[in-house]
Every structure is written in C-alpha cells, then in structure tokens.
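K.L.:
Starting off with a structure, shown below.
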Amino acid sequence: MQFCSQKFFLFFLLIFALYWTLPWRRVRVLLLLAASFYFYASWNKWLALLICVSTLFDYLLALGIERSTATWRRQLLLCLSLIANLGLLCYFKYANFFLLSLNEALKAAGMTTWFHTFKVLLPVGISFYTFEAVNYVVDVYRRRIKAERHLGDFMLFILFFPHLIAGPIVRARDFLPQIKRPKRWSWARMYLGTGYFLMGLVKKLAIADRMAEYVDPVFADPSAYRGSAIVCAAIAYALQIYCDFSGYSDMAIGTAHMLGYKLARNFNMPYLAVNIADFWHRWHISLSNWLRDYLFIPLGGSRGSRWQTTRNLLITMTLGGLWHGASWTFVFWGVLHGSLLVIHRGFRDFSKTRPRLERFLGSVPGTLLCMLLTFTCVAVGWVFFRAATFETAFTLLHRVAVWHSGLGTPMPRLNLKCTLVFMWICHAVAYWVPWRKLWRLPAPIQGFAYAVALVLAQVLAPDAGKVFIYFQF
Amino acid sequence: MPECGSENRSRKKQRLAAHTRACLLWSLAFFAAAYVGMLIATQSFWPHLRDPEFGYKLNLLRQQLEAEPNRPLLVLLGSSRTGQGIRPGVMPEIRTPDGRTPTVFNFSQVGSGPLAELVILRRLLDAGIRPDWLAIEILPALLGRTADAFGDVGTGISRLSWKDVTMLNHYVRDPKTMRRRWYKDQLWPWYAQRFSVMNHYASNSVLWRLRLDYWKQLDRWGWSDIGQDNQPLVLNPTALEVTRTDYYPDLQHLHVTSIEDHALRDLIALCRQEGIPTLFYLMPEGTIFRGWYAPAVSARINDYLARLSRECGVPIVDLREWIEDKYFVDSHHLYRKGAALFSSRFAPQVLACLVQGRLASLPSLITPLSSPSSEPETEPGAFTELAKPPARPKPAPLSINGKAPPQ
C-alpha cells in the first residue's frame with residue numbers, strides 16, 4: 001500500500017475518522033497499532049510478524065538493560081540486541097550479497113566455491129526500523145532515555161505506519177513522549193499536515209515519477225543513448241530521487257501531523273548546498289544524524305588527528321552507502337561521498353588561510369559556483385547509486401566525457417526544463433519568502449493552491465505508479 | 001500582565017484555528033468544484049476530455065455541417081485503416097440521384113471493431129447527428145477479439161460515458177468489472193482523464209508512447225493528416241513488426257466471437273431502425289498482411305461475412321486487394337499517396353453506388369445482392385472464392401470467446 005495510492009487514501013480516511021472519533025488515548029494507540037500492522041501486512045503478513053517479534057525482543061532487552069546495575073550485564077544485553085537487530089538486517093539484506101561476492105572472489109582466485117545463496121524476501125523498510133530500534137536500545141543503555149514500560153506504546157514507536165517503510169528515522173526520545181501526550185484536534189495541525197501531504201504527493205507523482213521516464217530507459221541501455229541524453233538522465237535522476245524520497249518524507253510527516261504526531265524534518269533543499277558537508281546536513285537528515293550520533297562520534301568523530309577523522313569519515317560514509325543497498329555500487333557511492341567530505345575538510349582548512357578566496361566563496365557568484373560544483377559531484381555520485389553495475393555507470397560517464405552519437409532523450413526535453421524551472425521557483429519561494437507570510441495569505445487563495453496541488457498531482461501522474469525508491473532500502 | 005499575555009496567545013491561537021479551518025474548507029470547496037466540474041464536463045459538454053478522438057471529430061463534423069447545412073451527410077466508420085486510408089478531401093465528387101453532393105466525413109477511431117462502431121453511431125445519434133448514409137469498415141482481425149477500442153475493460157473504460165456503459169453491459173464479457181472500473185474512474189475523474197487532459201493541453205510533455213494527440217492532425221473531413229505527400233513509399237519494418245505482433249497470433253486461430261457478431265448485427269439493426277442506407281467494406285491489405293491469415297481463418301471469415309450479408313441483407317465489399325503493396329506503411333495502413341489513390345477509386349466505385357441506391361452494382365461484393373451474372377466484377381476478391389462451393393470448407397459455427405465448440 002503506497003501513500004499515493006487510492007487504497008491508502010481510503011485506508012487513511014477510515015483510520016483518521018476513527019482516530020478522532022475515539023475519545024480514549026489508549027484505544028487510539030491500539031487503533032494506530034492495528035492500522036500500522038495492517039499497513040505492513042499488506043506487503044507481507046509473515047514479515048509483519050517478524051517485525052513484531054523483533055520489536056518485542058528489543059522491548060524486553062531494553063527493560064533488562066534499565067533494571068540491570070552490573071555493567072557487564074548491561075553490555076551483554078546491549079550486544080544481544082545489536083546482534084539480533086543487525087543480524088536480521090544482515091541476513092535479509094546482506095547475506096546473499098556477501099556470499100555472491102565471496103563466490104566471485106574465490107572463483108577469480110581459481111578456487112572452487114560451494115556457497116549457496118539464500119532464498120529470502122527483503123522486509124520492506126528493515127533498514128529504517130532496525131536503526132530506530134538500535135537508537136532506542138543504545139539510548140536506554142546510555143541512560144539518555146528510560147525504557148518504555150508499555151509494550152503497545154513501544155510497538156507504536158517502531159510500527160507507526162507513516163514512518164515505518166521509509167523513514168524519517170525517528171528517535172525514541174522524540175517520539176515516545178508524543179504517544180503519552182493527549183491529542184486534541186487542531187485545525188492548524190490538520191492544515192499543516194494536509195499541506196505536507198499534498199507537497200509530497202506533487203513531488204512524487206508530478207515530478208519523481210515523470211522524471212523516471214527520462215531515467216529508466218537510459219540506465220537500462222546506456223550504450224544506445226548520446227551524451228546529452230545521458231546528462232539529461234543524470235539531472236532527471238537527481239530530481240527524481242530527491243522528489244521521490246523527500247516526497248515520501250513529506251507525506252509521512254503530513255499523515256503523522258494529521259494524527260497529532262510530529263516527525264522530524266528529513267530534507268532541507270539539499271541541492272542548494274554549497275559544499276558536500278552542507279549537503280549531508282540537508283539530505284536525509286534523520287539518517288545523517290543517526291550516523292553521526294551512533295557511528296561517527298563513537299568512532300572518535302573529528303576530535304582526533306586528521307588521519308583519524310579521515311578514517312572515521314570514510315568508515316561512516318562507506319557503511320552509510322552499504323546501508324542503502326547490498327551492492328558494490330552503493331559501497332562505492334559511500335566511499336565517493338566519504339572522499340568528497342575529506343577533500344572538503346582539506347579545502348576548508350586551505351581556504352581559511354586565504355582571505356581573498358574565502359571572500360570570493362562568500363560572494364553571490366562564489367556561492368552559486370559552489371552550489372553548481374556540489375550539485376555536479378552529487379549528480380555524478382547518483383550515477384553510481386542508480387546504475388545496476390559499475391559497467392553501466394562507467395559506460396554512462398564515458399559516453400558523456402567522450403561524445404557519442406545515439407538516441408536522444410526518451411521524452412521531449414520540455415518536460416525536464418519545465419520541471420527544473422518549477423523546482424527553482426519553489427526553492428526560491430521557500431528560501432526567500434518566510435512561511436509566516438505565506439500563512440497569512442487570504443484563505444481562499446491558500447485553499448485554491450491546495451486544490452490545484454491535488455488536481456496537478458493527479459493530472460501529471462504517469463501511466464503506472466512507481467514504487468518509492470527508498471522502499472528497497 | 002501575564003494574564004494579558006496568555007489572553008493574547010489564546011486569541012492568536014483562535015485566530016490561527018479560524019484561519020486554517022477556513023483555508024481547509026476553501027480547499028475542499030475548490031477541489032469539490034474541480035471534481036464535479038470535471039465529471040460534468042467529461043460526461044456532457046467536453047467529450048474531447050473523456051474521449052479525445054471522438055470529441056475532436058465531433059467538433060470537426062459539426063463545423064462541416066454548420067458550414068454547409070443543406071448537404072446530405074455520408075459518414076465513414078472504421079478503424080485506423082479507414083482513418084489513414086480514406087481522404088474525403090481528395091475524393092472525386094459524387095452525386096445523389098437528385099444531383100446533390102454529400103458531405104463525406106471520416107469518423108473512424110483507432111482500434112474500432114463492430115462494438116466501437118456501434119458505440120460511435122449511438123453517440124452520433126444522441127448528439128443529434130443522423131447520417132444520410134453510412135459506410136462501415138469491418139476489420140476482420142478484430143472479429144475474433146472479445147474487446148475492441150471501447151469494449152476493452154483495461155484501457156478503453158475511461159473513454160466511456162454513462163450511456164455507453166449501459167449499452168456495453170449487454171456486450172462485454174464481464175460487465176460487472178467494467179462497471180466497477182468505470183465507477184472507480186468517476187471517483188477520480190482528473191486522474192482517470194489525465195492523459196486526455198495532458199494530450200489536449202500539453203502534449204509536448206507527454207511520453208512518446210502515451211501521445212494520443214494524432215487526431216489533432218485531422219483535416220476538415222476527419223482524415224488523419226499525417227506524413228507528407230513526397231514521402232518515399234517504403235515499407236516501415238518497425239511498424240510492420242508492431243503490426244505482426246498485434247495481428248499475426250489472432251489471424252492463426254481466429255473465430256468470430258459472439259460479442260463482435262452480436263454488435264455487428266445490432267449495428268445493422270440500428271441502421272435499419274434509423275432508416276440509414278448502409279454498406280460495409282473491408283479496407284485494403286498488403287500481400288504480407290494477407291499472408292498472415294491461416295487458410296482456415298480466411299475461409300471462416302469469408303463464410304461468416306457471406307452469411308451475415310445474406311442473412312441481414314447488407315452489402316459487404318471486399319477491397320483487400322485494391323491497392324499495391326508499395327502504398328502501405330506496414331502492410332495495412334496506407335501512406336498519403338495510397339490514401340489518395342484508394343479514395344479516388346473508392347468514392348466513384350463504392351460510395352457513389354451507396355448514395356445513388358445502386359447497391360447491386362457494387363464491386364467486390366462478398367455475397368451478390370442480385371444474380372451473380374449481373375455483377376460487374378471489377379475485382380474478383382473473395383467473391384470468386386465464395387463462388388466455388390466445393391472448395392469452401394464447412395462453415396465453422398460461431399464461437400464464444402474464441403473457443404470453437406466441438407465439431
């Protein structure tokens with residue numbers, strides 16, 4: 001069940017109506033829990049049971065950690081939880097990848113191989129809920145939060161359907177207190193939630209899925225297309241993945257708001273980033289923060305020597321790349337971003353000692369140049385992210401670098417140009433016009449804008465709904 | 001002071017609540033208006049947003065009738081073969097016995113078989129347009145399908161009006177599914193009609209394979225004005241392959257389905273009821289296309305058409321061999337030159353007979369309307385085949401859903 005499907009619309013309408021009709025907080029939590037279970041089970045009921053079992057396990061272990069006074073026991077329970085969570089993630093997501101890689105390596109070394117791959121179905125959103133469970137247990141271990149006593153509340157934290165499949169990765173310390181708080185109907189919140197949902201719907205249906213029409217054929221057969229078509233496909237993919245993922249996040253935030261919950265913001269106009277570090281402060285913020293708090297800082301962060309910081313950055317980003325998918329192209333993408341972060345740190349230190357360079361970078365042309373450069377680096381990275389193999393990625397880059405003739409864009413370029421202009425206008429409005437001013441616009445104008453957004457999302461939807469890209473992670 | 005501050009805050013909150021409530025209600029009102037507006041528009045005065053092909057042609061036809069209100073009207077119904085292959089604009093003038101020149105209008109629609117033709121004729125009559133004559137194409141390959149342009153529950157459903165659905169209930173195999181899908185489309189009319197809307201207003205931003213705006217390139221008489229006059233006459237291998245994929249499998253095992261048979265007979269009955277003189281014709285096909293018919297299928301189609309012609313007393317003209325191979329794009333659609341050539345022959349030899357009431361003198365009749373000796377046989381076509389009873393295989397009974405009953 002996708003957020004942009006008619007089925008979800010009817011499902012949400014029913015849950016929404018029931019939720020606000022029921023006056024009891026506990027019953028509301030149970031309703032949301034049942035709805036979330038149904039939502040997940042609509043993909044696979046067995047995997048829905050699996051997530052319930054693993055959640056129950058974390059619930060018990062966290063209680064155990066809190067009650068234990070002996071450090072060794074607390075550490076043991078933490079390790080058990082990490083092994084269970086990351087073990088499941090590894091089994092479902094990475095076992096076949098590592099086995100196949102090992103097989104290939106052994107074959108390349110001239111040895112016979114005997115590994116067989118597993119027949120497993122990847123649970124949707126496993127990477128997201130695993131990280132949520134880990135942050136909860138680690139925070140309990142660090143005594144930053146108290147273990148949740150009520151099983152239903154804890155399960156809702158993990159299973160809450162708006163963020164279950166593709167985030168944002170929710171922190172227990174932000175979400176659990178919200179479950180306890182009594183919810184009151186708020187028009188402002190409904191309006192905000194509807195706005196987020198519509199924005200996400202437009203991003204997904206009117207932009208991301210349309211951009212896919214430029215991308216999919218080119219990445220499927222890169223040698224058939226000429227350089228300009230590949231450049232268009234790369235730009236279109238940058239737009240597609242942003243609108244797809246941030247669209248999902250917006251819809252998740254919107255639906256959560258409509259049910260009285262607040263989820264963390266996940267994107268902040270990432271393509272306006274002036275450097276790669278800035279990009280990671282704006283892109284998939286909940287993941288960046290998670291990686292920072294639970295991986296980069298425990299590794300030592302940037303407190304050590306330059307070499308240690310470089311190592312920590314590379315490890316964090318490589319694992320971040322691997323988190324996205326079980327493929328060497330994702331690993332390479334992570335390494336690429338890690339390297340870019342290292343280069344950026346070096347350049348930052350270099351420019352600090354050169355005031356003229358610093359002044360230029362702070363000027364409008366300098367900022368624009370930085371944005372363009374950052375966007376180009378990110379777009380090149382997306383080529384590896386999207387390509388199924390290295391061969392495909394290098395073919396694409398080669399055909400751009402060394403001009404080749406071939407097919408043009410799979411769809412008239414006008415669409416891409418219009419989308420780029422539309423995105424620029426939206427970013428400019430979001431950047432320059434304060435939200436408060438927009439909120440003060442007369443009600444009929446705002447109402448009209450909402451209705452237009454809903455109609456536009458429907459009219460611009462492509463022929464077949466595409467699954468959200470981040471569902472596969 | 002603190003009391004004053006909290007009072008201010010609560011007043012602000014109330015204002016915000018009132019404003020956001022108003023915004024939401026306005027958005028609901030606007031959306032409801034857009035929703036109802038789209039529903040009404042597509043079901044009534046903007047048919048081109050529901051079924052662009054029909055809507056565009058209807059507008060053109062109305063313009064023609066307004067321009068020359070006193071001329072009688074001859075309407076051609078058929079598939080894309082007719083759409084591309086018959087150019088009323090270059091036809092030699094034909095006259096009625098009382099010396100009037102009829103307006104000939106090509107009202108074909110892509111993928112039309114008998115079912116779609118029946119729907120279109122009903123729509124024309126509902127729109128207050130009653131043709132004086134009708135020439136209707138029979139595309140043999142579609143006789144074996146359980147759905148054509150309008151009967152296809154999967155793709156054609158959003159083009160239907162409520163009246164069409166009511167009518168098609170009697171024909172389609174699964175009327176329940178058809179109705180359910182149609183209601184679902186009405187629940188989201190903007191979504192259901194998105195391709196029509198996009199093709200109408202922003203066709204340049206539509207994916208090539210979803211482009212449906214070729215009917216924007218119609219001439220005044222409904223002919224699909226595509227290609228160029230000086231186009232080299234070369235068989236297009238890609239188009240031929242698409243045609244082969246679409247038709248070859250059907251032509252190996254085709255049985256006339258009860259749905260199409262039912263629709264064809266009802267179409268004839270409707271014409272009769274309305275008092276519209278009608279003839280049926282088979283459009284030209286290239287040698288390659290004709291070679292795709294399995295012999296048994298070919299015989300089955302000929303037998304079926306002969307029987308239909310005899311039983312219903314309608315002339316069916318077989319023009320499949322009228323045009324040389326070089327004039328075909330893909331062995332069944334004609335180039336502009338081919339269309340001009342075919343039209344220049346079709347008008348005086350076929351349409352003239354219809355408007356002058358000389359049906360017995362039609363060429364290439366599948367079944368003679370009078371004694372065979374009196375027929376001026378310019379093209380032997382299928383008629384000679386039918387004229388040899390011993391060689392003709394036993395007529396296959398009509399089948400239901402493509403399955404032949406046991407012999």
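Ligands are numbered from 1 in the order shown, residues from 1 within each chain, and chains are lettered A, B, ... in the order they appear in the structure tokens.
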Specify as number ranges by chain all residues of chain A found within 9 Å of chain B, counting only C-alpha atoms.
P.N.:
A: 6, 186-192, 194, 210, 213, 410-416, 439-440, 442-452, 454-463
K.L.:
Restrict the selected residues to N, CA and C atoms and save them as a compact mmCIF listing (two decimals), in the first residue's frame.
P.N.:
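Wrote selection_2.txt, looks like this:
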# COMPACT_ATOMS: atom_id res chain seq x y z
N GLN A 6 -4.83 4.97 -4.24
CA GLN A 6 -6.22 5.19 -3.83
C GLN A 6 -6.55 4.34 -2.60
N SER A 186 -6.68 19.86 16.16
CA SER A 186 -6.17 21.19 15.89
C SER A 186 -6.28 21.48 14.40
N TRP A 187 -7.01 22.54 14.09
CA TRP A 187 -7.17 22.89 12.67
C TRP A 187 -5.83 23.25 12.05
N ALA A 188 -5.02 23.95 12.84
CA ALA A 188 -3.71 24.37 12.32
C ALA A 188 -2.88 23.16 11.95
N ARG A 189 -2.95 22.15 12.79
CA ARG A 189 -2.18 20.94 12.55
C ARG A 189 -2.71 20.18 11.33
N MET A 190 -4.04 20.15 11.19
CA MET A 190 -4.65 19.50 10.02
C MET A 190 -4.20 20.20 8.75
N TYR A 191 -4.19 21.51 8.84
CA TYR A 191 -3.83 22.30 7.67
C TYR A 191 -2.36 22.05 7.30
N LEU A 192 -1.53 22.05 8.34
CA LEU A 192 -0.10 21.79 8.11
C LEU A 192 0.12 20.40 7.54
N THR A 194 -2.04 18.49 5.94
CA THR A 194 -2.56 18.39 4.56
C THR A 194 -1.57 19.02 3.59
N ARG A 210 7.56 11.22 -13.18
CA ARG A 210 7.73 11.72 -14.56
C ARG A 210 9.20 11.71 -14.93
N GLU A 213 10.80 8.63 -16.36
CA GLU A 213 10.66 8.33 -17.79
C GLU A 213 11.91 8.75 -18.58
N PRO A 410 14.40 10.03 -23.94
CA PRO A 410 13.21 9.21 -24.20
C PRO A 410 11.91 10.01 -24.21
N MET A 411 11.94 11.22 -23.71
CA MET A 411 10.73 12.06 -23.65
C MET A 411 11.15 13.46 -24.08
N PRO A 412 10.22 14.27 -24.64
CA PRO A 412 10.63 15.62 -25.02
C PRO A 412 11.28 16.36 -23.85
N ARG A 413 12.33 17.13 -24.15
CA ARG A 413 13.10 17.78 -23.08
C ARG A 413 12.32 18.89 -22.37
N LEU A 414 11.27 19.33 -23.02
CA LEU A 414 10.48 20.43 -22.46
C LEU A 414 10.04 20.13 -21.03
N ASN A 415 9.68 18.88 -20.83
CA ASN A 415 9.21 18.44 -19.52
C ASN A 415 10.28 18.65 -18.46
N LEU A 416 11.50 18.26 -18.80
CA LEU A 416 12.62 18.39 -17.86
C LEU A 416 12.90 19.87 -17.58
N TRP A 439 1.48 31.90 5.19
CA TRP A 439 0.34 31.52 6.02
C TRP A 439 -0.67 32.65 6.15
N ARG A 440 -0.18 33.86 5.98
CA ARG A 440 -1.10 34.99 6.15
C ARG A 440 -1.89 35.31 4.89
N PRO A 442 -4.73 35.25 2.12
CA PRO A 442 -6.16 35.00 2.36
C PRO A 442 -6.53 33.53 2.18
N ALA A 443 -7.48 33.09 2.99
CA ALA A 443 -7.87 31.68 2.99
C ALA A 443 -8.28 31.16 1.61
N PRO A 444 -9.07 31.92 0.81
CA PRO A 444 -9.44 31.38 -0.50
C PRO A 444 -8.22 31.12 -1.39
N ILE A 445 -7.21 31.98 -1.29
CA ILE A 445 -6.02 31.78 -2.13
C ILE A 445 -5.29 30.50 -1.69
N GLN A 446 -5.14 30.34 -0.40
CA GLN A 446 -4.47 29.13 0.09
C GLN A 446 -5.28 27.87 -0.24
N GLY A 447 -6.57 27.99 -0.09
CA GLY A 447 -7.44 26.85 -0.41
C GLY A 447 -7.35 26.50 -1.88
N PHE A 448 -7.32 27.53 -2.70
CA PHE A 448 -7.20 27.31 -4.15
C PHE A 448 -5.87 26.61 -4.46
N ALA A 449 -4.80 27.06 -3.81
CA ALA A 449 -3.48 26.46 -4.05
C ALA A 449 -3.49 24.97 -3.68
N TYR A 450 -4.13 24.64 -2.57
CA TYR A 450 -4.20 23.23 -2.16
C TYR A 450 -4.98 22.41 -3.19
N ALA A 451 -6.10 22.96 -3.63
CA ALA A 451 -6.93 22.22 -4.61
C ALA A 451 -6.15 22.03 -5.90
N VAL A 452 -5.45 23.08 -6.33
CA VAL A 452 -4.66 22.98 -7.56
C VAL A 452 -3.58 21.92 -7.40
N LEU A 454 -3.62 19.28 -5.58
CA LEU A 454 -4.22 17.94 -5.63
C LEU A 454 -4.60 17.56 -7.06
N VAL A 455 -5.14 18.52 -7.80
CA VAL A 455 -5.51 18.24 -9.19
C VAL A 455 -4.25 18.01 -10.03
N LEU A 456 -3.24 18.86 -9.81
CA LEU A 456 -2.00 18.72 -10.57
C LEU A 456 -1.35 17.36 -10.35
N ALA A 457 -1.32 16.95 -9.09
CA ALA A 457 -0.70 15.66 -8.78
C ALA A 457 -1.41 14.54 -9.55
N GLN A 458 -2.72 14.65 -9.68
CA GLN A 458 -3.47 13.61 -10.39
C GLN A 458 -3.26 13.68 -11.89
N VAL A 459 -3.28 14.89 -12.40
CA VAL A 459 -3.18 15.05 -13.86
C VAL A 459 -1.77 14.70 -14.36
N LEU A 460 -0.76 15.04 -13.57
CA LEU A 460 0.61 14.81 -14.04
C LEU A 460 1.14 13.42 -13.70
N ALA A 461 0.33 12.62 -13.03
CA ALA A 461 0.80 11.27 -12.68
C ALA A 461 1.04 10.47 -13.96
N PRO A 462 2.14 9.70 -13.99
CA PRO A 462 2.41 8.91 -15.21
C PRO A 462 1.48 7.71 -15.32
N ASP A 463 1.73 6.87 -16.33
CA ASP A 463 0.77 5.80 -16.62
C ASP A 463 0.73 4.72 -15.55
K.L.:
Find the residues near Ile207 of chain A: any atom within 12 Å, counting only C-alpha atoms, skip ones fewer than 6 places away on the same chain, and give them as a PyMOL selection string.
P.N.:
chain A and resi 199-201+213-214+236-247+415-423+456-462+466
K.L.:
Take the residues from that selection and put them in a file with N, CA and C atoms, as a CSV table (one decimal), in the first residue's frame.
P.N.:
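The resulting file, selection-v2.csv, is reproduced below:
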chain,number,residue,atom,x,y,z
A,199,MET,N,2.2,18.4,-0.8
A,199,MET,CA,3.5,18.7,-1.3
A,199,MET,C,4.2,17.4,-1.7
A,200,GLY,N,4.1,16.4,-0.8
A,200,GLY,CA,4.7,15.1,-1.1
A,200,GLY,C,4.1,14.4,-2.3
A,201,LEU,N,2.8,14.6,-2.4
A,201,LEU,CA,2.1,13.9,-3.5
A,201,LEU,C,2.5,14.5,-4.8
A,213,GLU,N,10.8,8.6,-16.4
A,213,GLU,CA,10.7,8.3,-17.8
A,213,GLU,C,11.9,8.8,-18.6
A,214,TYR,N,12.7,9.7,-18.0
A,214,TYR,CA,13.9,10.1,-18.7
A,214,TYR,C,15.0,9.1,-18.3
A,236,ALA,N,17.8,14.4,-14.4
A,236,ALA,CA,16.5,13.9,-14.1
A,236,ALA,C,16.5,13.0,-12.9
A,237,TYR,N,17.6,12.2,-12.8
A,237,TYR,CA,17.6,11.2,-11.6
A,237,TYR,C,17.8,12.0,-10.3
A,238,ALA,N,18.7,13.0,-10.4
A,238,ALA,CA,18.9,13.9,-9.2
A,238,ALA,C,17.5,14.4,-8.7
A,239,LEU,N,16.7,14.9,-9.7
A,239,LEU,CA,15.4,15.4,-9.3
A,239,LEU,C,14.5,14.3,-8.8
A,240,GLN,N,14.6,13.1,-9.6
A,240,GLN,CA,13.7,12.0,-9.2
A,240,GLN,C,13.9,11.5,-7.8
A,241,ILE,N,15.2,11.3,-7.5
A,241,ILE,CA,15.5,10.7,-6.2
A,241,ILE,C,15.1,11.7,-5.1
A,242,TYR,N,15.4,12.9,-5.3
A,242,TYR,CA,15.1,14.0,-4.3
A,242,TYR,C,13.6,14.0,-4.1
A,243,CYS,N,12.8,14.1,-5.2
A,243,CYS,CA,11.4,14.3,-5.1
A,243,CYS,C,10.7,13.0,-4.6
A,244,ASP,N,11.3,11.9,-5.0
A,244,ASP,CA,10.7,10.6,-4.6
A,244,ASP,C,10.8,10.5,-3.0
A,245,PHE,N,12.1,10.7,-2.6
A,245,PHE,CA,12.3,10.4,-1.1
A,245,PHE,C,11.8,11.5,-0.3
A,246,SER,N,12.0,12.8,-0.7
A,246,SER,CA,11.5,13.9,0.2
A,246,SER,C,10.0,13.9,0.1
A,247,GLY,N,9.5,13.5,-1.1
A,247,GLY,CA,8.0,13.4,-1.2
A,247,GLY,C,7.4,12.4,-0.3
A,415,ASN,N,9.7,18.9,-20.8
A,415,ASN,CA,9.2,18.4,-19.5
A,415,ASN,C,10.3,18.6,-18.5
A,416,LEU,N,11.5,18.3,-18.8
A,416,LEU,CA,12.6,18.4,-17.9
A,416,LEU,C,12.9,19.9,-17.6
A,417,LYS,N,12.9,20.7,-18.6
A,417,LYS,CA,13.2,22.1,-18.5
A,417,LYS,C,12.1,22.7,-17.6
A,418,CYS,N,10.8,22.4,-17.9
A,418,CYS,CA,9.8,23.0,-17.0
A,418,CYS,C,9.9,22.5,-15.6
A,419,THR,N,10.3,21.3,-15.4
A,419,THR,CA,10.4,20.8,-14.0
A,419,THR,C,11.6,21.5,-13.3
A,420,LEU,N,12.7,21.7,-14.0
A,420,LEU,CA,13.8,22.5,-13.4
A,420,LEU,C,13.4,23.9,-13.0
A,421,VAL,N,12.7,24.5,-13.9
A,421,VAL,CA,12.2,25.9,-13.6
A,421,VAL,C,11.3,25.9,-12.4
A,422,PHE,N,10.3,24.9,-12.4
A,422,PHE,CA,9.4,24.8,-11.3
A,422,PHE,C,10.1,24.6,-10.0
A,423,MET,N,11.1,23.7,-10.0
A,423,MET,CA,11.9,23.4,-8.8
A,423,MET,C,12.6,24.7,-8.3
A,456,LEU,N,-3.2,18.9,-9.8
A,456,LEU,CA,-2.0,18.7,-10.6
A,456,LEU,C,-1.3,17.4,-10.4
A,457,ALA,N,-1.3,16.9,-9.1
A,457,ALA,CA,-0.7,15.7,-8.8
A,457,ALA,C,-1.4,14.5,-9.5
A,458,GLN,N,-2.7,14.7,-9.7
A,458,GLN,CA,-3.5,13.6,-10.4
A,458,GLN,C,-3.3,13.7,-11.9
A,459,VAL,N,-3.3,14.9,-12.4
A,459,VAL,CA,-3.2,15.0,-13.9
A,459,VAL,C,-1.8,14.7,-14.4
A,460,LEU,N,-0.8,15.0,-13.6
A,460,LEU,CA,0.6,14.8,-14.0
A,460,LEU,C,1.1,13.4,-13.7
A,461,ALA,N,0.3,12.6,-13.0
A,461,ALA,CA,0.8,11.3,-12.7
A,461,ALA,C,1.0,10.5,-14.0
A,462,PRO,N,2.1,9.7,-14.0
A,462,PRO,CA,2.4,8.9,-15.2
A,462,PRO,C,1.5,7.7,-15.3
A,466,LYS,N,4.9,4.2,-9.7
A,466,LYS,CA,6.1,3.6,-9.4
A,466,LYS,C,6.3,3.5,-7.9
K.L.:
For the structure I just gave you, how does DSSP split segment 155-336 of chain B - specifically, which residues are helix (DSSP H, G or I)? Reply as a ChimeraX atom specification.
P.N.:
/B:157-159,162-168,175-187,189-192,194-201,203-205,208-210,213-217,237-253,258-274,287-291,295-312,325-327,336
K.L.:
If you count only C-alpha atoms, which residues fall within 12 Å of Arg122 of chain B, apart from same-chain ones fewer than 2 positions away, as a list in words?
P.N.:
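Result of the neighbour search: Leu77, Leu115, Ala116, Glu117, Leu118, Val119, Ile120, Leu124, Leu125, Asp126, Ala127, Gly128, Ile129, Arg130, Pro131, Ser161, Lys163, Asp164, Thr166, Met167, Leu168, Asp266, Leu267, Leu270, Cys271 and Glu274 of chain B.
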K.L.:
With only C-alpha atoms as the counted atoms, please give the residues lying no more than 9 Å from Thr255 of chain A, apart from itself and same-chain residues fewer than 6 positions off, as a PDB file with N, CA and C atoms, in the first residue's frame.
P.N.:
ATOM      1  N   PHE A  12      -6.489   5.575   4.990  1.00  0.00           N
ATOM      2  CA  PHE A  12      -6.163   6.679   5.900  1.00  0.00           C
ATOM      3  C   PHE A  12      -7.421   7.437   6.326  1.00  0.00           C
ATOM      4  N   PRO A 162       3.178   5.883   9.274  1.00  0.00           N
ATOM      5  CA  PRO A 162       3.746   6.908   8.411  1.00  0.00           C
ATOM      6  C   PRO A 162       5.267   6.794   8.205  1.00  0.00           C
ATOM      7  N   GLY A 193      -0.550  19.419   8.136  1.00  0.00           N
ATOM      8  CA  GLY A 193      -0.418  18.035   7.675  1.00  0.00           C
ATOM      9  C   GLY A 193      -0.897  17.867   6.241  1.00  0.00           C
ATOM     10  N   THR A 194      -2.041  18.487   5.938  1.00  0.00           N
ATOM     11  CA  THR A 194      -2.563  18.392   4.562  1.00  0.00           C
ATOM     12  C   THR A 194      -1.570  19.019   3.593  1.00  0.00           C
ATOM     13  N   TYR A 196       1.701  19.339   3.917  1.00  0.00           N
ATOM     14  CA  TYR A 196       2.857  18.447   3.744  1.00  0.00           C
ATOM     15  C   TYR A 196       2.487  17.287   2.826  1.00  0.00           C
ATOM     16  N   PHE A 197       1.309  16.709   3.077  1.00  0.00           N
ATOM     17  CA  PHE A 197       0.905  15.549   2.284  1.00  0.00           C
ATOM     18  C   PHE A 197       0.770  15.917   0.807  1.00  0.00           C
ATOM     19  N   TYR A 261       0.880  13.701  15.533  1.00  0.00           N
ATOM     20  CA  TYR A 261       2.283  13.391  15.840  1.00  0.00           C
ATOM     21  C   TYR A 261       3.199  14.254  14.981  1.00  0.00           C
TER      22      TYR A 261
END
K.L.:
Check the smallest atom-to-atom distance from each of B:Ile276, B:Pro363, B:Arg179, B:Asp303 to Asp318 of chain B using only C-alpha atoms, then report the winner.
P.N.:
B:Pro363
K.L.:
What does the distance between atom CA of His404 of chain A and atom CA of Ser228 of chain A come to in Å, to one decimal place?
P.N.:
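Going from atom CA of His404 of chain A over to atom CA of Ser228 of chain A covers 9.2 Å.
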K.L.:
Can you work out which one of A:Trp424, A:Phe131, A:Tyr225, A:Phe385 has the shortest atom-to-atom distance to Ser405 of chain A, counting only C-alpha atoms?
P.N.:
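When distances to Ser405 of chain A are compared using only C-alpha atoms, the smallest one comes from A:Tyr225.
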K.L.:
Using atom CA of Val75 of chain B and atom CA of Lys57 of chain B as the two end points, give the distance in Å to one decimal.
P.N.:
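Atom CA of Val75 of chain B sits 11.4 Å away from atom CA of Lys57 of chain B.
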K.L.:
To test your reading of the structure, identify every residue in segment 29-177 of chain B that backbone DSSP assigns to strand (DSSP E), and report it as JSON, numbers by chain.
P.N.:
{"B": [73, 74, 75, 76, 77, 103, 104, 105, 106, 133, 134, 135, 136, 137]}
